[in-house]
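A.B. asks: Got a structure for you, final.txt, holding compact mmCIF, C-alpha atoms and all ligand atoms.
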```
# COMPACT_ATOMS: atom_id res chain seq x y z
CA MET O 26 46.65 28.83 26.45
CA ILE O 27 43.69 28.31 24.20
CA PHE O 28 40.41 29.60 25.48
CA ILE O 29 37.59 27.50 24.21
CA SER O 30 34.85 30.04 24.50
CA SER O 31 35.05 33.79 24.66
CA PRO O 32 36.14 34.80 28.13
CA ARG O 33 33.55 37.55 27.98
CA VAL O 34 30.59 35.36 27.45
CA CYS O 35 29.83 32.14 29.20
CA VAL O 36 27.61 30.60 26.64
CA SER O 37 27.03 27.13 25.52
CA LEU O 38 28.23 26.45 22.03
CA SER O 39 25.85 24.62 19.82
CA LEU O 40 26.85 21.10 19.07
CA SER O 41 26.54 19.96 15.54
CA LEU O 42 25.43 16.40 15.74
CA THR O 43 26.19 13.95 13.06
CA LEU O 44 23.18 11.76 12.73
CA SER O 45 23.74 8.31 11.44
CA PHE O 46 22.42 5.86 8.96
CA PHE O 47 20.55 2.59 8.78
CA PHE O 48 20.60 -0.61 10.75
CA SER O 49 19.84 -1.06 14.38
CA LEU O 50 21.18 -3.04 17.22
CA THR O 51 18.78 -5.68 18.35
CA HIS O 52 18.50 -4.84 22.01
CA GLN O 53 18.78 -1.64 23.99
CA PRO O 54 19.93 -1.65 27.59
CA THR O 55 17.24 -0.97 30.13
CA HIS O 56 18.97 1.96 31.83
CA MET O 57 19.87 4.61 29.31
CA SER O 58 22.86 5.92 31.26
CA GLU O 59 24.71 2.64 31.32
CA ASP O 60 27.96 1.67 29.64
CA LEU O 61 27.91 -1.01 26.98
CA PRO O 62 29.98 -4.17 26.97
CA SER O 63 33.27 -4.19 25.10
CA SER O 64 31.91 -6.87 22.76
CA TRP O 65 30.08 -4.03 20.96
CA VAL O 66 33.34 -2.19 20.29
CA THR O 67 36.18 -4.72 20.06
CA PRO O 68 35.28 -6.28 16.68
CA HIS O 69 35.23 -2.81 15.10
CA VAL O 70 38.48 -1.83 16.81
CA ALA O 71 40.10 -5.05 15.60
CA SER O 72 39.37 -4.18 11.99
CA ALA O 73 39.95 -0.43 12.33
CA PHE O 74 43.41 -0.36 13.92
CA PRO O 75 46.20 -2.00 11.88
CA LEU O 76 48.18 -4.85 13.46
CA ARG O 77 51.45 -3.12 12.61
CA HIS O 78 52.51 0.44 11.93
CA GLU O 79 55.88 1.76 10.76
CA ILE O 80 57.19 5.01 12.16
CA ARG O 81 60.36 7.01 11.55
CA THR O 82 61.78 8.68 14.63
CA SER O 83 63.32 12.16 14.66
CA ARG O 84 66.74 10.44 14.60
CA GLY O 85 65.80 8.70 11.35
CA GLU O 86 65.35 5.27 12.96
CA HIS O 87 62.57 3.03 11.61
CA VAL O 88 60.44 1.47 14.33
CA THR O 89 57.77 -1.15 13.75
CA LEU O 90 54.92 -0.88 16.18
CA GLU O 91 52.72 -3.85 16.98
CA ARG O 92 49.16 -3.78 18.28
CA ILE O 93 47.61 -5.48 21.30
CA VAL O 94 43.91 -5.06 22.15
CA TYR O 95 43.01 -5.43 25.81
CA GLU O 96 39.57 -5.60 27.37
CA THR O 97 38.75 -5.07 31.02
CA GLU O 98 36.08 -7.74 30.66
CA GLY O 99 38.34 -9.94 28.56
CA ALA O 100 35.51 -11.73 26.82
CA SER O 101 36.11 -11.18 23.09
CA ARG O 102 37.92 -13.31 20.55
CA ASP O 103 39.86 -10.29 19.25
CA ALA O 104 41.24 -9.12 22.60
CA VAL O 105 43.13 -10.30 25.65
CA PRO O 106 42.15 -9.55 29.24
CA LEU O 107 43.82 -6.49 30.74
CA SER O 108 46.47 -8.01 33.01
CA SER O 109 47.76 -6.22 36.10
CA ARG O 110 51.13 -5.99 34.34
CA ALA O 111 49.63 -4.24 31.31
CA LEU O 112 47.62 -2.02 33.65
CA SER O 113 50.77 -0.85 35.45
CA GLN O 114 52.59 -0.26 32.17
CA LEU O 115 49.71 1.90 30.93
CA LEU O 116 49.49 3.77 34.23
CA ALA O 117 53.24 4.44 34.04
CA LEU O 118 52.77 6.04 30.61
CA ILE O 119 49.87 8.18 31.85
CA ASP O 120 51.98 9.23 34.82
CA ALA O 121 54.98 10.11 32.64
CA ASN O 122 52.75 12.22 30.39
CA LEU O 123 50.22 13.84 32.70
CA GLY O 124 51.37 13.02 36.25
CA PRO O 125 51.90 16.68 37.25
CA MET O 126 48.42 17.68 35.97
CA TYR O 127 46.74 14.83 37.81
CA ARG O 128 48.68 15.70 40.92
CA GLN O 129 47.60 19.34 40.71
CA HIS O 130 43.98 18.84 39.65
CA GLY O 131 43.24 15.26 40.57
CA ARG O 132 40.65 16.28 43.18
CA ALA O 133 38.56 18.00 40.49
CA ILE O 134 38.25 14.65 38.77
CA TYR O 135 38.40 12.26 41.70
CA PRO O 136 36.75 14.10 44.60
CA ALA O 137 37.50 11.11 46.87
CA ILE O 138 41.18 12.09 46.95
CA PRO O 139 41.71 13.50 50.45
CA LYS O 140 42.34 17.24 50.78
CA PRO O 141 46.05 18.13 50.99
CA LYS O 142 47.11 18.95 54.53
CA PRO O 143 49.12 21.91 55.84
CA PRO O 144 51.90 22.97 55.90
CA HIS O 145 52.65 21.99 52.28
CA HIS O 146 49.10 21.79 50.87
CA THR O 147 50.24 19.49 48.09
CA LEU O 148 49.13 16.00 47.25
CA ALA O 149 51.53 13.09 47.06
CA PRO O 150 52.65 12.54 43.44
CA THR O 151 50.79 9.23 43.31
CA SER O 152 47.63 10.27 45.21
CA TRP O 153 45.56 9.88 42.04
CA HIS O 154 46.94 6.44 41.12
CA PRO O 155 44.40 4.25 42.98
CA HIS O 156 41.51 6.27 41.52
CA LYS O 157 42.90 6.16 38.00
CA THR O 158 43.61 2.44 38.38
CA ARG O 159 39.98 1.77 39.37
CA GLU O 160 38.75 3.91 36.48
CA MET O 161 41.04 2.03 34.06
CA GLN O 162 39.33 -1.21 35.06
CA THR O 163 35.85 0.08 34.21
CA PRO O 164 33.93 -2.80 32.62
CA GLY O 165 33.51 -2.24 28.89
CA LEU O 166 36.79 -0.37 28.36
CA VAL O 167 38.85 -1.46 25.35
CA TYR O 168 42.55 -0.60 25.07
CA VAL O 169 44.41 -0.45 21.79
CA THR O 170 48.13 -0.34 22.49
CA TYR O 171 51.22 -0.23 20.28
CA HIS O 172 54.71 -1.37 21.33
CA ASP O 173 58.05 -1.72 19.55
CA THR O 174 58.23 -5.25 18.05
CA ARG O 175 61.79 -5.57 19.42
CA ASP O 176 60.70 -4.93 23.01
CA PRO O 177 60.24 -8.21 24.90
CA ASP O 178 58.32 -6.36 27.64
CA ARG O 179 55.84 -4.96 25.10
CA THR O 180 55.94 -1.59 26.83
CA PRO O 181 53.22 0.54 25.26
CA LEU O 182 54.55 3.49 23.26
CA ALA O 183 51.08 4.69 22.34
CA PHE O 184 47.54 3.72 23.26
CA VAL O 185 43.91 4.74 23.28
CA SER O 186 41.19 3.47 25.61
CA LEU O 187 37.58 3.53 24.50
CA LEU O 188 34.20 2.91 26.10
CA LEU O 189 30.84 2.80 24.35
CA THR O 190 28.37 4.51 26.62
CA HIS O 191 25.13 6.42 26.72
CA GLU O 192 25.11 10.19 26.65
CA PRO O 193 21.82 11.16 28.26
CA GLU O 194 22.75 14.85 27.87
CA LEU O 195 21.97 14.40 24.17
CA ALA O 196 18.97 12.10 23.98
CA ARG O 197 17.53 9.07 25.69
CA ARG O 198 19.04 6.58 23.27
CA ALA O 199 22.15 8.58 22.37
CA LYS O 200 25.40 6.70 22.49
CA VAL O 201 28.95 7.97 22.22
CA LEU O 202 32.34 6.36 22.07
CA TYR O 203 34.16 7.85 25.05
CA LEU O 204 37.89 8.33 24.57
CA TYR O 205 39.12 7.75 28.11
CA GLU O 206 42.78 8.08 27.24
CA ILE O 207 45.13 8.80 24.37
CA HIS O 208 48.83 8.72 25.10
CA VAL O 209 52.00 8.73 23.07
CA ALA O 210 55.33 8.17 24.87
CA HIS O 211 57.62 11.23 25.00
CA VAL O 212 60.13 9.70 22.56
CA MET O 213 57.38 9.24 19.97
CA GLN O 214 55.50 12.53 20.38
CA GLY O 215 55.30 15.00 17.53
CA LEU O 216 55.77 12.29 14.87
CA GLY O 217 52.14 12.10 13.83
CA LEU O 218 51.16 9.09 15.94
CA GLY O 219 48.40 10.90 17.85
CA THR O 220 46.86 12.16 14.62
CA TRP O 221 47.22 8.70 13.08
CA LEU O 222 45.44 7.05 16.04
CA LEU O 223 42.55 9.52 15.92
CA CYS O 224 42.14 9.97 12.16
CA GLY O 225 42.92 6.32 11.46
CA GLY O 226 41.72 3.74 13.95
CA VAL O 227 39.40 5.87 16.08
CA ASP O 228 37.76 7.47 13.05
CA ALA O 229 37.27 4.07 11.36
CA THR O 230 35.76 2.70 14.61
CA LEU O 231 33.35 5.66 14.72
CA ARG O 232 32.25 5.00 11.15
CA ALA O 233 31.73 1.29 11.84
CA LEU O 234 29.70 2.00 15.00
CA ARG O 235 27.58 4.55 13.15
CA ARG O 236 26.82 1.98 10.46
CA ALA O 237 25.98 -0.63 13.07
CA MET O 238 23.45 1.46 14.98
CA ARG O 239 19.98 2.75 14.44
CA PRO O 240 19.96 6.10 12.59
CA GLY O 241 20.48 8.94 15.02
CA ASP O 242 21.55 6.72 17.93
CA PHE O 243 25.30 7.14 17.61
CA HIS O 244 26.83 10.57 18.13
CA GLY O 245 30.55 10.06 17.66
CA LEU O 246 33.40 10.61 20.08
CA GLU O 247 33.42 12.36 23.45
CA LEU O 248 36.44 13.08 25.62
CA THR O 249 37.71 15.07 28.56
CA VAL O 250 40.83 17.21 28.38
CA PHE O 251 42.59 19.32 30.99
CA SER O 252 42.20 22.99 30.09
CA GLY O 253 45.96 23.34 30.71
CA ASN O 254 46.84 20.64 28.17
CA GLU O 255 47.71 23.00 25.37
CA ARG O 256 49.29 20.45 23.06
CA ALA O 257 46.29 18.15 23.16
CA LEU O 258 43.88 21.09 22.80
CA LYS O 259 45.78 22.33 19.77
CA LEU O 260 45.46 18.93 18.17
CA TYR O 261 41.80 18.43 19.10
CA ARG O 262 40.46 21.90 18.44
CA GLU O 263 42.65 23.25 15.64
CA ARG O 264 43.67 20.23 13.64
CA LEU O 265 40.73 17.88 14.25
CA GLN O 266 38.04 20.54 14.78
CA MET O 267 36.50 19.00 17.86
CA SER O 268 33.65 20.97 19.48
CA LEU O 269 33.11 22.00 23.04
CA ALA O 270 30.14 19.98 24.34
CA PRO O 271 27.24 22.20 25.43
CA TRP O 272 27.36 20.46 28.83
CA SER O 273 31.10 21.11 29.22
CA PRO O 274 32.27 23.58 31.84
CA GLN O 275 33.21 26.79 30.02
CA ASP O 276 35.59 29.74 30.32
CA CYS O 277 34.01 32.89 31.65
CA ASN O 278 34.62 36.41 32.82
CA GLU O 279 33.32 36.92 36.30
CA ALA O 280 32.93 40.66 35.83
CA LYS O 281 30.28 40.10 33.19
CA HIS O 282 28.76 36.84 34.25
CA PRO O 283 28.71 35.02 37.55
CA ARG O 284 30.82 31.90 37.79
CA PRO O 285 28.57 29.15 36.51
CA LYS O 286 27.18 26.98 39.21
CA ILE O 287 26.92 23.60 37.67
CA THR O 288 25.19 20.81 39.42
CA ALA O 289 24.70 17.74 37.36
CA SER O 290 21.63 15.69 38.03
CA GLN O 291 21.84 12.37 39.85
CA HIS O 292 22.03 10.19 36.79
CA LEU O 293 25.11 12.01 35.51
CA THR O 294 27.37 11.28 38.42
CA ARG O 295 28.91 8.01 37.37
CA ARG O 296 31.71 8.99 35.05
CA ARG O 297 34.69 11.07 35.97
CA THR O 298 33.57 13.80 33.62
CA ARG O 299 30.23 13.97 35.31
CA ALA O 300 31.34 15.40 38.59
CA ARG O 301 28.48 17.16 40.34
CA THR O 302 30.43 20.35 40.75
CA TYR O 303 33.15 21.72 38.54
CA THR O 304 36.36 23.29 39.75
CA PHE O 305 37.52 26.51 38.14
CA ILE O 306 40.95 28.09 37.93
CA THR O 307 41.23 31.85 38.28
CA GLU O 308 44.12 33.23 36.27
CA ASP O 309 46.14 36.31 37.17
CA GLU O 310 44.54 39.61 36.33
CA THR O 311 45.70 40.89 32.98
CA GLU O 312 45.97 44.43 31.74
CA ALA O 313 43.17 45.47 29.44
CA ILE O 314 44.14 47.27 26.21
CA ASP O 315 43.18 50.68 27.67
CA GLY O 316 45.52 50.12 30.64
CA THR O 317 42.82 49.39 33.21
CA ALA O 318 42.88 46.13 35.07
CA ALA O 319 40.86 43.51 33.26
CA ALA O 320 38.71 41.03 35.10
CA PRO O 321 40.42 37.74 35.83
CA ARG O 322 39.87 34.97 33.39
CA ILE O 323 38.30 31.90 34.80
CA ARG O 324 38.60 28.54 33.19
CA PRO O 325 37.45 25.14 34.30
CA VAL O 326 39.96 22.40 35.15
CA TYR O 327 38.80 20.41 32.15
CA TYR O 328 36.62 20.62 29.08
CA VAL O 329 34.39 18.03 27.51
CA LEU O 330 34.75 17.83 23.73
CA THR O 331 32.77 16.01 21.08
CA TRP O 332 33.80 14.88 17.62
CA PRO O 333 31.84 13.35 14.75
CA GLY O 334 35.04 12.05 13.13
CA CYS O 335 38.01 13.22 11.10
CA PRO O 336 37.33 16.38 9.04
C1 LIG A 401 48.41 14.77 22.69
C2 LIG A 401 49.17 13.63 22.04
C3 LIG A 401 48.36 12.34 22.14
C4 LIG A 401 49.38 13.96 20.56
O1 LIG A 401 50.09 12.89 19.98
P1 LIG A 401 51.36 13.19 19.03
O2 LIG A 401 51.74 11.90 18.40
O3 LIG A 401 52.38 13.89 19.82
O4 LIG A 401 50.66 14.18 18.01
P2 LIG A 401 51.06 14.44 16.49
O5 LIG A 401 52.50 14.16 16.22
O6 LIG A 401 50.05 13.71 15.67
O7 LIG A 401 50.86 15.98 16.38
C5 LIG A 401 49.61 16.53 16.30
C6 LIG A 401 49.61 17.94 16.83
O8 LIG A 401 49.81 17.88 18.20
C7 LIG A 401 50.46 19.04 18.57
N1 LIG A 401 51.82 18.73 18.94
C8 LIG A 401 52.47 17.58 18.76
N2 LIG A 401 53.69 17.68 19.26
C9 LIG A 401 53.80 18.93 19.73
C10 LIG A 401 54.83 19.61 20.38
N3 LIG A 401 56.02 19.04 20.63
N4 LIG A 401 54.59 20.88 20.79
C11 LIG A 401 53.40 21.46 20.56
N5 LIG A 401 52.40 20.85 19.93
C12 LIG A 401 52.60 19.60 19.54
C13 LIG A 401 50.52 19.92 17.41
O9 LIG A 401 49.34 20.61 17.23
C14 LIG A 401 50.69 18.89 16.36
O10 LIG A 401 50.46 19.45 15.14
P3 LIG A 401 51.76 19.93 14.26
O11 LIG A 401 52.24 18.71 13.56
O12 LIG A 401 51.19 20.98 13.38
O13 LIG A 401 52.78 20.46 15.19
C15 LIG A 401 50.57 13.42 22.68
O14 LIG A 401 51.29 14.62 22.59
C16 LIG A 401 50.49 12.95 24.11
O15 LIG A 401 50.49 11.74 24.36
N6 LIG A 401 50.50 13.88 25.06
C17 LIG A 401 50.48 13.54 26.48
C18 LIG A 401 49.20 12.84 26.88
C19 LIG A 401 48.00 13.66 26.58
O16 LIG A 401 48.01 14.87 26.74
N7 LIG A 401 46.95 13.00 26.14
C20 LIG A 401 45.71 13.64 25.84
C21 LIG A 401 44.81 13.53 27.01
S1 LIG A 401 43.23 14.25 26.68
```
I'd like the structure from this file rewritten - as C-alpha cells, please.
C.D. replies:
Amino acid sequence: MIFISSPRVCVSLSLSLTLSFFFSLTHQPTHMSEDLPSSWVTPHVASAFPLRHEIRTSRGEHVTLERIVYETEGASRDAVPLSSRALSQLLALIDANLGPMYRQHGRAIYPAIPKPKPPHHTLAPTSWHPHKTREMQTPGLVYVTYHDTRDPDRTPLAFVSLLLTHEPELARRAKVLYLYEIHVAHVMQGLGLGTWLLCGGVDATLRALRRAMRPGDFHGLELTVFSGNERALKLYRERLQMSLAPWSPQDCNEAKHPRPKITASQHLTRRRTRARTYTFITEDETEAIDGTAAAPRIRPVYYVLTWPGCP
C-alpha cells in the first residue's frame, strides 16, 4: 500500500499549478462550478487520440485497436452518442476491473446506496451499478474507447472518460479536465496501454486545452482513485508524478492528529468526489520499531490527484 502523505502528519501538500498561455475562450459560464459541454473537449480529443493503435500481447500476438469517441450529449461531428449498448459494455469493463472495490466502498462515493442490512452486512455486487450508470451519463462526458478491429461487437478493451469542469477549490475561473475513468481490460493490462492513454492522448488533450484557454484558467487533469488501488496509484504517483490535491482527503495518524472532519461547502457537492463527508479506513495496528504498539493508520477511501501533464 502506498501512503500518499506521511501517516504522522495530516497536512495538505502544496499543489504546483501549471499556469497556461495565451488565448481565451469567448464566453465563460455564469456559474463557476458548472461542467462544460463536450463540444469544448471532443475536437481536441479527436486530434489527440490516434484512430488506430497496434499492441503486442504477452503471447506475442499483434492486435490492432480502433478508436470510437462517444459523447453523452452526442452533439459533435467527431463523436457518436453514447448508446445504451456502449454504456453497458463500458460498465461491464468497470465491473470486471473494480467491481469488488465499488461493492466494498460504493457508499463512500454514492451515499444514496442503502446501508447493508444484517445479518450479512454486505451490499449486493451490483448495488453501485445504477449510481455509476447515472454518473456515466453526466452531460459533457466524452469517452474515448479502443476495441479490437476484428471484434464485431466492438467490445472496449481500453477507455478513458473525460469531463471539462470548473474547480472552484483552485480559483473562480479555474477549469480542469476530470478523468472520470481509465480502464484497460485484464487481458491487455501491463502492456503499456494505460501509460500510452495518459501520456499520449490525455496529455495531448491537456496541451490543446491549455493553448485554447485564457492564461491561468486551465489547470490540467484531476482524478479520483481508491486508496486501495495500488496498481493505479503506482502508475499515477510514481511513474506519472501526479500530486495529491490539497483538498483531497489525506492519510493520518489519529494518535498525533484528530481524524480530519471534512465538510465541503454547498457548492462542492455535485460531483462524486465532492462528497460532504469523507469515509476513512482504519488499518490494523502495527508494531512500532521499538516494539510498542503503533497507532493505527487511517486512510481515506479515495484520494483526489492532480496532474499538469506527462513529466
Ligand atoms: C491502472 C491501469 C489503467 C493501468 O493500465 P495498464 O495498461 O495496465 O498500465 P501500463 O501497462 O501502462 O503500466 C503502467 C504501470 O502500471 C502498473 N502496473 C501495470 N500492470 C501492473 C501489474 N500487473 N502489477 C502491478 N503494477 C502494474 C505499474 O506501475 C506499471 O509500471 P511498470 O511497467 O513499471 O510495471 C490498468 O491496470 C487498469 O485498467 N486497472 C483497473 C482499472 C483501474 O484501476 N483504473 C484506474 C481507476 S482510477
A.B. asks: Could you tell me how far atom O3 of ligand LIG 401 (chain A) lies from atom CA of O:Gly219, in Å and to one decimal?
C.D. replies: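 Value for the atom O3 of ligand LIG 401 (chain A)-atom CA of O:Gly219 distance: 5.4 Å.
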A.B. asks: Would you please work out which residue, of O:His191, O:Lys140, O:Arg262, O:Arg324, is nearest to ligand LIG 401 (chain A) when using all atoms listed in the file?
C.D. replies: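 Among O:His191, O:Lys140, O:Arg262, O:Arg324, it is O:Arg262 that comes nearest to ligand LIG 401 (chain A).
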A.B. asks: May I ask you to write as a ChimeraX atom specification all residues lying at most 9 Å from ligand LIG 401 (chain A), with only C-alpha atoms and all ligand atoms counted?
C.D. replies: /O:118-119,121-123,183-185,204-211,213-223,248-251,254-261,263-264
A.B. asks: With all atoms listed in the file as the basis for distance, which of O:Thr180, O:Thr331, O:Ser64, O:Thr97 is at the shortest distance from O:Met267?
C.D. replies: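 The answer is O:Thr331, which sits nearest to O:Met267.
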A.B. asks: Set up a box along x, y and z of the file covering all listed atoms of stretch 196-205 of chain O, add 5 Å on every one of the six sides, and write the centre and edge lengths in Å to one decimal, as lines of an AutoDock Vina configuration file.
C.D. replies:
```
center_x = 28.3
center_y = 9.2
center_z = 25.1
size_x = 31.6
size_y = 15.7
size_z = 16.0
```
A.B. asks: Quick one: residues within 6 Å of stretch 76-91 of chain O, all atoms listed in the file counted, chain neighbours fewer than 5 positions away excluded, as a PyMOL selection string?
C.D. replies: chain O and resi 171-174
A.B. asks: Could you check which of O:Ala229, O:Val201, O:Val94, O:Ile306 is closest to O:Trp332, using all atoms listed in the file?
C.D. replies: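 Using all atoms listed in the file, O:Trp332 sits closest to O:Val201.
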A.B. asks: Just how far from atom CA of O:Ile134 is atom CA of O:Ser273, in Å to one decimal?
C.D. replies: 13.6 Å
A.B. asks: For O:Gly131, which residue among O:Ser186, O:Ser268, O:Ser108, O:Thr147 is the nearest when counting only C-alpha atoms?
C.D. replies: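 Using only C-alpha atoms, the shortest distance to O:Gly131 belongs to O:Thr147.
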A.B. asks: For each of O:Leu269, O:Ala111, O:Val227, O:Ala233, take the minimum atom-to-atom distance to O:Tyr327, counting all atoms listed in the file, then give the residue where this is smallest.
C.D. replies: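 Of O:Leu269, O:Ala111, O:Val227, O:Ala233, the one nearest O:Tyr327 is O:Leu269, counting all atoms listed in the file.
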A.B. asks: Can you measure atom CA of O:Arg159 to atom CA of O:Lys200 for me? One decimal in Å is fine.
C.D. replies: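 We find that atom CA of O:Arg159 and atom CA of O:Lys200 lie 22.8 Å from each other.
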A.B. asks: Which polymer residues have any atom within 7 Å of an atom of O:Pro164, counting all atoms listed in the file, with same-chain residues fewer than 2 positions away left out, as a list in words?
C.D. replies: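 In the requested form, the answer reads Thr97, Glu98, Gln162 and Leu166 of chain O.
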